[in-house]
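Participant: Below is the file target.cif, which contains mmCIF, C-alpha atoms.
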data_run
#
loop_
_atom_site.label_atom_id
_atom_site.label_comp_id
_atom_site.auth_asym_id
_atom_site.auth_seq_id
_atom_site.Cartn_x
_atom_site.Cartn_y
_atom_site.Cartn_z
CA MET A 18 94.46 109.81 119.46
CA ALA A 19 93.29 107.46 122.13
CA GLN A 20 95.54 106.70 125.05
CA GLY A 21 96.97 103.21 125.45
CA LYS A 22 96.86 102.16 121.79
CA GLY A 23 100.11 101.00 120.33
CA MET A 24 101.89 102.23 117.23
CA ALA A 25 101.97 98.68 115.86
CA LYS A 26 98.18 98.55 116.00
CA LEU A 27 97.93 101.83 114.07
CA VAL A 28 100.33 100.59 111.39
CA LEU A 29 98.33 97.36 111.13
CA TYR A 30 95.06 99.30 110.72
CA LEU A 31 96.60 101.55 108.06
CA LEU A 32 98.02 98.59 106.17
CA VAL A 33 94.71 96.70 106.23
CA GLY A 34 92.82 99.86 105.20
CA ALA A 35 95.18 100.44 102.26
CA ILE A 36 94.98 96.81 101.11
CA LEU A 37 91.18 96.62 101.37
CA GLY A 38 90.77 100.04 99.75
CA GLY A 39 93.08 99.06 96.88
CA GLY A 40 91.15 95.84 96.33
CA VAL A 41 87.80 97.64 96.33
CA GLY A 42 89.19 100.25 93.92
CA GLU A 43 90.36 97.55 91.52
CA LEU A 44 86.97 95.81 91.75
CA ILE A 45 85.11 99.05 91.02
CA ALA A 46 87.41 99.72 88.06
CA LEU A 47 86.77 96.22 86.69
CA LEU A 48 83.02 96.67 87.01
CA PHE A 49 83.04 100.06 85.30
CA GLY A 50 85.44 98.69 82.70
CA TYR A 51 83.01 95.90 81.91
CA PHE A 52 79.86 98.03 81.74
CA MET A 53 81.40 101.28 80.46
CA PRO A 54 84.72 100.51 78.74
CA GLY A 55 86.94 103.53 78.22
CA SER A 56 84.87 105.77 80.50
CA MET A 57 86.31 108.54 82.63
CA VAL A 58 85.13 106.79 85.81
CA GLU A 59 87.10 103.67 84.89
CA LYS A 60 90.22 105.75 84.28
CA PHE A 61 89.70 107.58 87.59
CA PHE A 62 89.64 104.32 89.56
CA LEU A 63 92.42 102.68 87.54
CA GLU A 64 94.84 105.59 87.87
CA ALA A 65 97.38 104.78 90.54
CA PHE A 66 100.64 106.10 91.82
CA VAL A 67 103.17 103.29 91.35
CA TYR A 68 106.63 103.31 92.87
CA THR A 69 108.92 100.31 92.59
CA PHE A 70 111.64 100.03 95.17
CA PRO A 71 114.75 98.62 93.56
CA PRO A 72 115.68 95.10 94.62
CA ALA A 73 118.34 94.70 97.25
CA THR A 74 120.38 91.51 97.38
CA LEU A 75 121.88 90.08 100.53
CA PRO A 76 124.67 87.72 99.49
CA LEU A 77 125.32 85.01 102.04
CA VAL A 78 127.90 82.23 102.02
CA ILE A 79 125.66 79.46 100.70
CA PHE A 80 122.82 81.43 99.05
CA SER A 81 121.63 84.98 98.45
CA VAL A 82 118.32 86.63 99.26
CA THR A 83 116.74 89.40 97.19
CA PHE A 84 114.21 91.84 98.65
CA GLY A 85 112.05 94.33 96.77
CA PHE A 86 108.46 95.50 96.44
CA THR A 87 106.16 97.82 94.53
CA LEU A 88 103.89 100.41 96.12
CA LYS A 89 100.64 101.08 94.23
CA VAL A 90 98.21 103.66 95.65
CA ASN A 91 94.86 104.54 94.08
CA VAL A 92 92.06 106.86 95.19
CA ILE A 93 90.05 104.23 97.05
CA SER A 94 93.12 102.98 98.93
CA ILE A 95 93.59 106.53 100.26
CA LEU A 96 89.95 106.47 101.39
CA GLY A 97 90.62 103.09 103.03
CA ILE A 98 93.53 104.61 104.94
CA GLY A 99 91.23 107.45 106.03
CA PHE A 100 88.57 105.02 107.28
CA ALA A 101 91.24 102.98 109.10
CA THR A 102 92.52 106.13 110.81
CA TYR A 103 88.98 107.08 111.82
CA TYR A 104 88.33 103.58 113.16
CA TYR A 105 91.60 103.59 115.11
CA ARG A 106 90.92 106.99 116.59
CA TRP A 107 87.33 106.43 117.74
CA TYR A 108 87.07 102.69 118.46
#
What do you get writing this file as structure tokens?
Facilitator:
Amino acid sequence: MAQGKGMAKLVLYLLVGAILGGGVGELIALLFGYFMPGSMVEKFFLEAFVYTFPPATLPLVIFSVTFGFTLKVNVISILGIGFATYYYRWY
């Protein structure tokens, strides 16, 4: 990888690539779902690995805060991560 680039910048690129790729994948799945409902292509783009991290509660004296999130990865989001890595490495 290129010298002088920070780890925070790489993580930012990967996060943006995953988010944009996931959004594009959902859009493609909606389009194929509209024009070809029930097709194999629609199922391919809609299939996603979903992992939900259990919520964690931080009880404080006056109030409590609950943290939790869900990770959803589809095929196009993996391609987005690949493009982000390529962009980070060469530009």
Participant: Determine, counting all atoms listed in the file, which protein, DNA and RNA residues have an atom within 12 Å of an atom of stretch 74-88 of chain A; residues of the same chain fewer than 4 positions away are not included. Present the result as a PDB file with C-alpha atoms, keeping the file's coordinate frame.
Facilitator:
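Contents of the output file around.pdb:
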ATOM      1  CA  LEU A  32      98.020  98.590 106.170  1.00  0.00           C
ATOM      2  CA  ALA A  35      95.180 100.440 102.260  1.00  0.00           C
ATOM      3  CA  ILE A  36      94.980  96.810 101.110  1.00  0.00           C
ATOM      4  CA  GLY A  39      93.080  99.060  96.880  1.00  0.00           C
ATOM      5  CA  ALA A  65      97.380 104.780  90.540  1.00  0.00           C
ATOM      6  CA  PHE A  66     100.640 106.100  91.820  1.00  0.00           C
ATOM      7  CA  VAL A  67     103.170 103.290  91.350  1.00  0.00           C
ATOM      8  CA  TYR A  68     106.630 103.310  92.870  1.00  0.00           C
ATOM      9  CA  THR A  69     108.920 100.310  92.590  1.00  0.00           C
ATOM     10  CA  PHE A  70     111.640 100.030  95.170  1.00  0.00           C
ATOM     11  CA  SER A  94      93.120 102.980  98.930  1.00  0.00           C
TER      12      SER A  94
END
Participant: Hey, can you check how far atom CA of A:Tyr103 sits from atom CA of A:Lys26?
Facilitator: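 It comes out at 13.2 Å.
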Participant: Go through A:Leu63, A:Val90, A:Gly97, A:Gly34 and flag the residue nearest A:Leu48, using only C-alpha atoms for the distances.
Facilitator: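 Nearest to A:Leu48: A:Leu63.
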Participant: Please determine, counting all atoms listed in the file, which residue among A:Met57, A:Ala25, A:Leu47, A:Leu31 has the shortest atom-to-atom distance to A:Thr102.
Facilitator: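 Checking each candidate against A:Thr102, we get A:Leu31 as the closest.
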Participant: Rounded to one decimal, what separation in Å do you get between atom CA of A:Gly50 and atom CA of A:Ile93?
Facilitator: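 These two atoms are separated by 16.1 Å.
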Participant: Between atom CA of A:Lys89 and atom CA of A:Met53, what is the distance in Å, rounded to a tenth?
Facilitator: 23.7 Å
Participant: Counting all atoms listed in the file, figure out which residue out of A:Ile98, A:Phe52, A:Phe61, A:Trp107 gets nearest to A:Val28.
Facilitator: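 Going through A:Ile98, A:Phe52, A:Phe61, A:Trp107 one by one, the smallest distance to A:Val28 is for A:Ile98.
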Participant: Counting all atoms listed in the file, figure out which residue out of A:Val41, A:Ala73, A:Leu27, A:Val92 gets nearest to A:Lys60.
Facilitator: A:Val92
